[in-house]
>>> print(open('run.pdb').read())   # PDB, C-alpha atoms, pLDDT in the B column
ATOM      1  CA  MET A  14      12.043  37.380  25.433  1.00 42.00           C
ATOM      2  CA  MET A  15       9.675  39.653  27.296  1.00 41.00           C
ATOM      3  CA  SER A  16       6.222  38.285  28.108  1.00 42.00           C
ATOM      4  CA  ASN A  17       3.122  39.741  26.495  1.00 43.00           C
ATOM      5  CA  ARG A  18       2.136  41.271  29.821  1.00 41.00           C
ATOM      6  CA  ALA A  19       5.568  42.827  30.214  1.00 39.00           C
ATOM      7  CA  MET A  20       5.363  44.248  26.704  1.00 42.00           C
ATOM      8  CA  GLN A  21       1.982  45.771  27.505  1.00 41.00           C
ATOM      9  CA  LYS A  22       3.291  47.314  30.708  1.00 37.00           C
ATOM     10  CA  ARG A  23       6.284  48.736  28.894  1.00 39.00           C
ATOM     11  CA  SER A  24       4.209  50.249  26.101  1.00 36.00           C
ATOM     12  CA  THR A  25       1.881  51.930  28.601  1.00 34.00           C
ATOM     13  CA  PHE A  26       4.504  53.479  30.896  1.00 32.00           C
ATOM     14  CA  ASN A  27       3.959  57.028  29.670  1.00 38.00           C
ATOM     15  CA  VAL A  28       0.209  56.545  29.556  1.00 35.00           C
ATOM     16  CA  ARG A  29       0.097  55.761  33.253  1.00 34.00           C
ATOM     17  CA  GLN A  30       2.326  58.737  33.936  1.00 35.00           C
ATOM     18  CA  PHE A  31      -0.022  61.186  32.262  1.00 33.00           C
ATOM     19  CA  GLY A  32      -3.287  59.460  33.171  1.00 39.00           C
ATOM     20  CA  VAL A  33      -4.615  59.153  29.608  1.00 43.00           C
ATOM     21  CA  ASP A  34      -7.482  56.714  29.100  1.00 51.00           C
ATOM     22  CA  GLY A  35      -7.755  54.330  26.158  1.00 53.00           C
ATOM     23  CA  ARG A  36     -10.084  56.331  23.932  1.00 55.00           C
ATOM     24  CA  LYS A  37      -8.205  59.607  24.424  1.00 50.00           C
ATOM     25  CA  THR A  38      -4.930  57.826  23.702  1.00 52.00           C
ATOM     26  CA  PHE A  39      -6.416  56.338  20.541  1.00 53.00           C
ATOM     27  CA  PHE A  40      -7.463  59.699  19.123  1.00 53.00           C
ATOM     28  CA  LEU A  41      -4.157  61.270  20.183  1.00 48.00           C
ATOM     29  CA  LEU A  42      -2.378  58.560  18.211  1.00 52.00           C
ATOM     30  CA  LEU A  43      -4.470  59.326  15.131  1.00 54.00           C
ATOM     31  CA  LEU A  44      -3.631  63.024  15.376  1.00 46.00           C
ATOM     32  CA  LEU A  45       0.050  62.184  15.091  1.00 48.00           C
ATOM     33  CA  PHE A  46      -0.481  61.382  11.428  1.00 49.00           C
ATOM     34  CA  ALA A  47      -1.559  64.966  10.739  1.00 44.00           C
ATOM     35  CA  ILE A  48       1.932  66.325  11.549  1.00 42.00           C
ATOM     36  CA  PRO A  49       3.216  68.219   8.480  1.00 41.00           C
ATOM     37  CA  ALA A  50       5.601  66.204   6.319  1.00 39.00           C
ATOM     38  CA  GLY A  51       8.120  69.051   6.390  1.00 38.00           C
ATOM     39  CA  ASP A  52       9.202  67.942   9.866  1.00 39.00           C
ATOM     40  CA  CYS A  53      10.460  64.577   8.632  1.00 38.00           C
ATOM     41  CA  SER A  54      13.415  63.326   6.656  1.00 44.00           C
ATOM     42  CA  ALA A  55      13.445  62.291   3.001  1.00 53.00           C
ATOM     43  CA  GLN A  56      11.060  59.334   3.182  1.00 74.00           C
ATOM     44  CA  THR A  57       7.343  59.884   2.715  1.00 86.00           C
ATOM     45  CA  PRO A  58       5.556  59.674   6.092  1.00 91.00           C
ATOM     46  CA  PRO A  59       2.459  57.518   6.599  1.00 92.00           C
ATOM     47  CA  PRO A  60      -0.663  58.967   4.951  1.00 89.00           C
ATOM     48  CA  PRO A  61      -2.813  61.015   7.355  1.00 85.00           C
ATOM     49  CA  VAL A  62      -6.037  59.621   8.750  1.00 81.00           C
ATOM     50  CA  SER A  63      -9.155  61.253   7.321  1.00 74.00           C
ATOM     51  CA  GLU A  64     -10.501  63.769   9.833  1.00 68.00           C
ATOM     52  CA  HIS A  65     -13.955  62.223   9.404  1.00 75.00           C
ATOM     53  CA  ALA A  66     -12.904  58.557   9.571  1.00 79.00           C
ATOM     54  CA  PHE A  67     -13.826  58.087  13.235  1.00 81.00           C
ATOM     55  CA  GLU A  68     -16.740  60.481  13.587  1.00 83.00           C
ATOM     56  CA  ARG A  69     -19.546  58.783  15.508  1.00 87.00           C
ATOM     57  CA  VAL A  70     -17.917  55.356  15.329  1.00 93.00           C
ATOM     58  CA  PRO A  71     -19.045  53.098  18.216  1.00 95.00           C
ATOM     59  CA  PRO A  72     -16.799  50.207  19.321  1.00 96.00           C
ATOM     60  CA  THR A  73     -19.135  47.561  17.917  1.00 97.00           C
ATOM     61  CA  VAL A  74     -16.534  44.863  17.248  1.00 97.00           C
ATOM     62  CA  VAL A  75     -16.638  42.428  20.170  1.00 96.00           C
ATOM     63  CA  LYS A  76     -13.816  40.089  19.151  1.00 95.00           C
ATOM     64  CA  ARG A  77     -10.198  41.197  19.416  1.00 95.00           C
ATOM     65  CA  LEU A  78      -9.037  43.063  16.343  1.00 95.00           C
ATOM     66  CA  ALA A  79      -5.676  43.849  14.720  1.00 97.00           C
ATOM     67  CA  THR A  80      -3.691  41.513  16.927  1.00 97.00           C
ATOM     68  CA  ARG A  81      -1.257  40.332  14.249  1.00 98.00           C
ATOM     69  CA  PHE A  82       0.024  40.986  10.756  1.00 98.00           C
ATOM     70  CA  SER A  83       2.118  39.097   8.251  1.00 98.00           C
ATOM     71  CA  LEU A  84       4.376  40.103   5.377  1.00 98.00           C
ATOM     72  CA  GLY A  85       4.601  36.935   3.323  1.00 97.00           C
ATOM     73  CA  ALA A  86       6.114  34.378   5.682  1.00 96.00           C
ATOM     74  CA  PHE A  87       7.149  37.019   8.243  1.00 98.00           C
ATOM     75  CA  ALA A  88       4.765  37.013  11.214  1.00 98.00           C
ATOM     76  CA  GLY A  89       4.423  40.067  13.424  1.00 98.00           C
ATOM     77  CA  ARG A  90       2.234  41.148  16.318  1.00 98.00           C
ATOM     78  CA  PHE A  91       1.058  44.652  17.135  1.00 98.00           C
ATOM     79  CA  GLU A  92       2.716  46.108  20.265  1.00 97.00           C
ATOM     80  CA  GLU A  93       5.148  43.164  20.391  1.00 98.00           C
ATOM     81  CA  THR A  94       7.176  43.223  17.162  1.00 98.00           C
ATOM     82  CA  ARG A  95       9.923  45.853  16.923  1.00 98.00           C
ATOM     83  CA  LEU A  96      10.424  48.046  13.866  1.00 98.00           C
ATOM     84  CA  GLY A  97      14.017  46.837  13.977  1.00 97.00           C
ATOM     85  CA  ALA A  98      12.866  43.228  13.688  1.00 98.00           C
ATOM     86  CA  VAL A  99      10.900  44.070  10.535  1.00 98.00           C
ATOM     87  CA  ARG A 100      13.928  45.878   9.105  1.00 97.00           C
ATOM     88  CA  GLU A 101      16.205  42.947   9.886  1.00 98.00           C
ATOM     89  CA  ALA A 102      13.824  40.417   8.318  1.00 98.00           C
ATOM     90  CA  VAL A 103      13.243  42.405   5.117  1.00 97.00           C
ATOM     91  CA  GLY A 104      16.894  43.423   4.812  1.00 97.00           C
ATOM     92  CA  GLU A 105      15.901  46.807   3.386  1.00 94.00           C
ATOM     93  CA  GLY A 106      14.616  50.148   4.641  1.00 94.00           C
ATOM     94  CA  THR A 107      15.595  52.811   7.154  1.00 94.00           C
ATOM     95  CA  VAL A 108      13.655  53.697  10.295  1.00 95.00           C
ATOM     96  CA  GLN A 109      12.443  57.289   9.929  1.00 95.00           C
ATOM     97  CA  HIS A 110      11.201  59.705  12.595  1.00 94.00           C
ATOM     98  CA  GLN A 111       9.169  62.882  12.895  1.00 92.00           C
ATOM     99  CA  GLY A 112       7.718  64.876  15.793  1.00 89.00           C
ATOM    100  CA  ASP A 113       8.818  65.267  19.392  1.00 84.00           C
ATOM    101  CA  ALA A 114       8.197  63.433  22.673  1.00 71.00           C
ATOM    102  CA  GLY A 115       4.708  61.913  22.883  1.00 71.00           C
ATOM    103  CA  GLY A 116       3.751  63.487  19.559  1.00 78.00           C
ATOM    104  CA  SER A 117       6.292  61.558  17.535  1.00 91.00           C
ATOM    105  CA  ILE A 118       6.195  58.561  15.213  1.00 94.00           C
ATOM    106  CA  TYR A 119       8.773  56.191  13.779  1.00 96.00           C
ATOM    107  CA  TRP A 120       8.233  54.225  10.599  1.00 96.00           C
ATOM    108  CA  LEU A 121       9.556  52.045   7.801  1.00 96.00           C
ATOM    109  CA  CYS A 122       8.350  52.776   4.256  1.00 95.00           C
ATOM    110  CA  TYR A 123       8.373  50.221   1.431  1.00 95.00           C
ATOM    111  CA  ARG A 124       7.170  50.000  -2.161  1.00 93.00           C
ATOM    112  CA  ARG A 125       6.645  47.390  -4.849  1.00 91.00           C
ATOM    113  CA  ALA A 126       4.851  47.947  -8.156  1.00 89.00           C
ATOM    114  CA  GLN A 127       1.678  49.887  -7.205  1.00 90.00           C
ATOM    115  CA  HIS A 128       1.872  49.094  -3.490  1.00 94.00           C
ATOM    116  CA  ARG A 129       3.065  51.435  -0.743  1.00 94.00           C
ATOM    117  CA  LEU A 130       3.526  50.090   2.772  1.00 96.00           C
ATOM    118  CA  TRP A 131       4.249  51.786   6.110  1.00 97.00           C
ATOM    119  CA  VAL A 132       5.085  49.972   9.348  1.00 98.00           C
ATOM    120  CA  VAL A 133       4.621  52.483  12.169  1.00 97.00           C
ATOM    121  CA  SER A 134       5.459  52.887  15.851  1.00 97.00           C
ATOM    122  CA  SER A 135       4.000  55.665  17.998  1.00 94.00           C
ATOM    123  CA  GLY A 136       6.787  57.425  19.846  1.00 91.00           C
ATOM    124  CA  GLU A 137       4.811  57.160  23.093  1.00 90.00           C
ATOM    125  CA  MET A 138       2.805  53.960  22.738  1.00 92.00           C
ATOM    126  CA  GLY A 139       5.562  52.041  20.948  1.00 95.00           C
ATOM    127  CA  GLY A 140       8.015  52.677  23.771  1.00 93.00           C
ATOM    128  CA  PRO A 141      11.828  52.789  23.495  1.00 93.00           C
ATOM    129  CA  ASP A 142      11.876  49.541  21.499  1.00 96.00           C
ATOM    130  CA  HIS A 143       9.642  51.130  18.832  1.00 96.00           C
ATOM    131  CA  LEU A 144       7.021  48.390  18.926  1.00 98.00           C
ATOM    132  CA  VAL A 145       4.697  48.342  15.907  1.00 98.00           C
ATOM    133  CA  THR A 146       1.399  50.091  16.690  1.00 97.00           C
ATOM    134  CA  GLU A 147       0.008  50.519  13.166  1.00 97.00           C
ATOM    135  CA  VAL A 148       0.541  49.200   9.619  1.00 98.00           C
ATOM    136  CA  VAL A 149      -0.754  50.923   6.477  1.00 97.00           C
ATOM    137  CA  GLU A 150      -0.836  49.681   2.879  1.00 97.00           C
ATOM    138  CA  GLU A 151      -2.174  51.454  -0.194  1.00 95.00           C
ATOM    139  CA  LEU A 152      -2.627  50.371  -3.803  1.00 94.00           C
ATOM    140  CA  THR A 153      -1.984  53.385  -6.015  1.00 88.00           C
ATOM    141  CA  GLU A 154      -3.421  53.916  -9.476  1.00 81.00           C
ATOM    142  CA  LYS A 155       0.083  54.391 -10.906  1.00 73.00           C
ATOM    143  CA  ASP A 156       3.303  52.473 -10.429  1.00 65.00           C
ATOM    144  CA  THR A 157       5.269  53.664  -7.362  1.00 53.00           C
ATOM    145  CA  GLU A 158       8.693  53.536  -9.011  1.00 54.00           C
ATOM    146  CA  THR A 159       8.634  57.323  -9.402  1.00 47.00           C
ATOM    147  CA  SER A 160       8.489  57.559  -5.592  1.00 57.00           C
ATOM    148  CA  ALA A 161      12.006  56.373  -4.932  1.00 66.00           C
ATOM    149  CA  ASP A 162      12.142  57.579  -1.326  1.00 81.00           C
ATOM    150  CA  CYS A 163      10.881  54.245   0.032  1.00 91.00           C
ATOM    151  CA  ALA A 164      12.864  51.013  -0.164  1.00 94.00           C
ATOM    152  CA  ILE A 165      11.755  48.252  -2.535  1.00 94.00           C
ATOM    153  CA  ILE A 166      10.408  45.314  -0.558  1.00 96.00           C
ATOM    154  CA  PRO A 167      11.179  41.832  -1.957  1.00 96.00           C
ATOM    155  CA  GLU A 168       8.212  39.924  -3.400  1.00 95.00           C
ATOM    156  CA  LYS A 169       8.553  37.187  -0.782  1.00 97.00           C
ATOM    157  CA  PHE A 170       7.304  39.689   1.833  1.00 97.00           C
ATOM    158  CA  ALA A 171       3.945  40.010   0.086  1.00 96.00           C
ATOM    159  CA  PRO A 172       1.088  40.123   0.695  1.00 97.00           C
ATOM    160  CA  LEU A 173       0.397  42.089   3.848  1.00 98.00           C
ATOM    161  CA  VAL A 174      -2.340  40.262   5.772  1.00 98.00           C
ATOM    162  CA  PHE A 175      -4.075  41.406   8.963  1.00 98.00           C
ATOM    163  CA  ASP A 176      -5.271  38.786  11.457  1.00 98.00           C
ATOM    164  CA  GLY A 177      -4.676  36.028   8.910  1.00 97.00           C
ATOM    165  CA  LYS A 178      -7.623  37.055   6.709  1.00 97.00           C
ATOM    166  CA  LEU A 179      -7.653  40.709   5.583  1.00 98.00           C
ATOM    167  CA  HIS A 180      -5.687  41.801   2.492  1.00 98.00           C
ATOM    168  CA  LEU A 181      -5.917  44.224  -0.413  1.00 98.00           C
ATOM    169  CA  GLY A 182      -8.055  43.219  -3.382  1.00 97.00           C
ATOM    170  CA  MET A 183     -10.927  41.838  -1.317  1.00 98.00           C
ATOM    171  CA  SER A 184     -14.494  42.891  -2.114  1.00 97.00           C
ATOM    172  CA  ARG A 185     -16.729  44.525   0.491  1.00 96.00           C
ATOM    173  CA  LEU A 186     -18.691  41.282   0.755  1.00 96.00           C
ATOM    174  CA  GLU A 187     -15.529  39.273   1.369  1.00 98.00           C
ATOM    175  CA  VAL A 188     -14.471  41.732   4.085  1.00 98.00           C
ATOM    176  CA  VAL A 189     -17.831  41.436   5.853  1.00 97.00           C
ATOM    177  CA  LYS A 190     -17.684  37.639   5.633  1.00 97.00           C
ATOM    178  CA  ALA A 191     -14.215  37.709   7.207  1.00 97.00           C
ATOM    179  CA  LEU A 192     -14.772  40.372   9.890  1.00 97.00           C
ATOM    180  CA  GLY A 193     -18.518  40.694  10.332  1.00 97.00           C
ATOM    181  CA  PRO A 194     -20.466  43.965  10.012  1.00 97.00           C
ATOM    182  CA  PRO A 195     -18.374  47.146  10.263  1.00 97.00           C
ATOM    183  CA  SER A 196     -18.719  49.771  12.988  1.00 97.00           C
ATOM    184  CA  LYS A 197     -19.235  52.390  10.270  1.00 95.00           C
ATOM    185  CA  SER A 198     -19.821  51.997   6.541  1.00 95.00           C
ATOM    186  CA  GLU A 199     -19.805  54.604   3.789  1.00 91.00           C
ATOM    187  CA  ALA A 200     -19.715  54.418  -0.003  1.00 88.00           C
ATOM    188  CA  ALA A 201     -15.938  54.143  -0.268  1.00 93.00           C
ATOM    189  CA  GLN A 202     -14.870  53.364   3.309  1.00 95.00           C
ATOM    190  CA  MET A 203     -15.497  50.963   6.170  1.00 96.00           C
ATOM    191  CA  VAL A 204     -14.275  51.264   9.763  1.00 97.00           C
ATOM    192  CA  TYR A 205     -13.961  48.473  12.314  1.00 98.00           C
ATOM    193  CA  TYR A 206     -13.432  49.623  15.902  1.00 97.00           C
ATOM    194  CA  HIS A 207     -12.916  47.563  19.060  1.00 97.00           C
ATOM    195  CA  GLU A 208     -12.536  48.396  22.740  1.00 96.00           C
ATOM    196  CA  GLY A 209     -12.039  45.683  25.311  1.00 96.00           C
ATOM    197  CA  LYS A 210     -10.449  44.762  28.622  1.00 94.00           C
ATOM    198  CA  LEU A 211      -7.752  42.107  28.751  1.00 93.00           C
ATOM    199  CA  ALA A 212      -7.489  39.432  31.425  1.00 90.00           C
ATOM    200  CA  ASP A 213      -4.745  41.364  33.250  1.00 90.00           C
ATOM    201  CA  GLY A 214      -6.908  44.488  33.493  1.00 91.00           C
ATOM    202  CA  PHE A 215      -5.377  46.460  30.645  1.00 93.00           C
ATOM    203  CA  ASP A 216      -7.664  48.259  28.166  1.00 96.00           C
ATOM    204  CA  GLU A 217      -7.215  47.475  24.485  1.00 96.00           C
ATOM    205  CA  THR A 218      -8.262  49.649  21.551  1.00 95.00           C
ATOM    206  CA  ALA A 219      -7.973  48.396  17.959  1.00 97.00           C
ATOM    207  CA  TRP A 220      -9.130  49.510  14.522  1.00 97.00           C
ATOM    208  CA  PHE A 221      -9.199  48.881  10.792  1.00 98.00           C
ATOM    209  CA  VAL A 222      -9.829  51.711   8.327  1.00 97.00           C
ATOM    210  CA  LEU A 223     -10.576  50.271   4.883  1.00 97.00           C
ATOM    211  CA  ARG A 224     -10.954  52.184   1.609  1.00 96.00           C
ATOM    212  CA  PHE A 225     -12.456  50.807  -1.587  1.00 97.00           C
ATOM    213  CA  ARG A 226     -12.147  51.733  -5.255  1.00 95.00           C
ATOM    214  CA  GLU A 227     -14.285  50.070  -7.923  1.00 91.00           C
ATOM    215  CA  LYS A 228     -15.603  47.655  -5.265  1.00 90.00           C
ATOM    216  CA  LYS A 229     -12.116  46.407  -4.326  1.00 96.00           C
ATOM    217  CA  LEU A 230     -10.129  47.060  -1.141  1.00 98.00           C
ATOM    218  CA  VAL A 231      -7.280  49.401  -2.137  1.00 97.00           C
ATOM    219  CA  SER A 232      -6.195  50.863   1.211  1.00 97.00           C
ATOM    220  CA  MET A 233      -6.107  49.450   4.710  1.00 97.00           C
ATOM    221  CA  ARG A 234      -4.685  50.575   8.010  1.00 97.00           C
ATOM    222  CA  GLY A 235      -4.786  48.499  11.133  1.00 98.00           C
ATOM    223  CA  GLY A 236      -3.570  49.330  14.585  1.00 97.00           C
ATOM    224  CA  LYS A 237      -3.789  48.620  18.279  1.00 96.00           C
ATOM    225  CA  THR A 238      -2.923  50.317  21.571  1.00 94.00           C
ATOM    226  CA  THR A 239      -2.976  48.955  25.106  1.00 94.00           C
ATOM    227  CA  THR A 240      -3.408  51.188  28.171  1.00 91.00           C
ATOM    228  CA  ASN A 241      -4.098  50.684  31.875  1.00 85.00           C
TER     229      ASN A 241
END
>>> encode(input="run.pdb", output="structure tokens")
Amino acid sequence: MMSNRAMQKRSTFNVRQFGVDGRKTFFLLLLLFAIPAGDCSAQTPPPPVSEHAFERVPPTVVKRLATRFSLGAFAGRFEETRLGAVREAVGEGTVQHQGDAGGSIYWLCYRRAQHRLWVVSSGEMGGPDHLVTEVVEELTEKDTETSADCAIIPEKFAPLVFDGKLHLGMSRLEVVKALGPPSKSEAAQMVYYHEGKLADGFDETAWFVLRFREKKLVSMRGGKTTTN
């Protein structure tokens, strides 16, 4: 297996080539989710990031953020776990793609009851192995069975948990107890944003975007990118 350092170097190859710093890369990655859905195949692409989600958001989170995720007993790590490994473990789903070159994304889409889940790899930051750079889960107000374009994920791969402590259904107070104060807080949304330098000199950017409905967490997206 490749070392963590090797994985980081591999995922930042194109970043070094074009001289993009961590913050610019982060916002470029977010813009990828605004690509029109008409460019993709049958499966629903990941939901776009709100254009106001990261306005005036300082990197206030000191501790590392969005380093790992789990789907039931399956344990994954951002920028280390391949989309293919998730597909093999779940036994369902098809890797989808939209966009070109650095402005492309790959993803797996799943559903169960009222849950929709996307496991995403940036075409540039995820590298040729399509390493996971972001995971998104939403709890809809209606059952998702009418949206048959995403594969049904077996119950044993639930729940999705970020960093061993963040999952849908939590209250705002529970989120703050688990993660500390957010970098930005609004009536229906909280954002956690981290920038830091790793021991090997690489720059790390990580985020959580959390949406609430009736005081419960109903949507969460977590992601991480590493640049030099």
>>> resolve_selection(input="run.pdb", expression="the PyMOL selection byres ((chain A and resi 85-99) around 6)", output="list in words")
Thr80, Arg81, Phe82, Ser83, Leu84, Arg100, Glu101, Ala102, His143, Leu144, Val145, Thr146, Lys169, Phe170, Ala171 and Pro172 of chain A
>>> residues_near_point(input="run.pdb", point="(-19.7, 51.4, 18.6)", cutoff="10 Å", atoms="all atoms listed in the file", output="number ranges by chain")
A: 69-75, 195-197, 205-208
>>> resolve_selection(input="run.pdb", expression="the PyMOL selection byres ((chain A and resi 124-138) around 6)", output="PyMOL selection string")
chain A and resi 24+115+117-123+139-140+143-153+156-157+165-166
>>> atom_distance(input="run.pdb", atom1="atom CA of A:Asp216", atom2="atom CA of A:Arg234")
20.5 Å
>>> atom_distance(input="run.pdb", atom1="atom CA of A:Ala164", atom2="atom CA of A:His180")
20.9 Å
>>> atom_distance(input="run.pdb", atom1="atom CA of A:Arg226", atom2="atom CA of A:Leu78")
23.5 Å
>>> closest_residue(input="run.pdb", among="A:Phe175, A:Gln56, A:Gly116, A:Leu223", to="A:Glu199", atoms="all atoms listed in the file")
A:Leu223
>>> closest_residue(input="run.pdb", among="A:Asp142, A:Lys210, A:Met233, A:Thr57", to="A:Leu181", atoms="all atoms listed in the file")
A:Met233
>>> resolve_selection(input="run.pdb", expression="the PyMOL selection byres ((chain A and resi 188) around 12)", output="PyMOL selection string")
chain A and resi 175+178-187+189-195+198+202-205+221-225+228-230+233
>>> axis_aligned_box(input="run.pdb", around="stretch 116-129 of chain A", padding_each_side="4 Å", output="JSON")
{"center_x": 5.6, "center_y": 55.4, "center_z": 5.7, "size_x": 15.9, "size_y": 24.1, "size_z": 35.7}
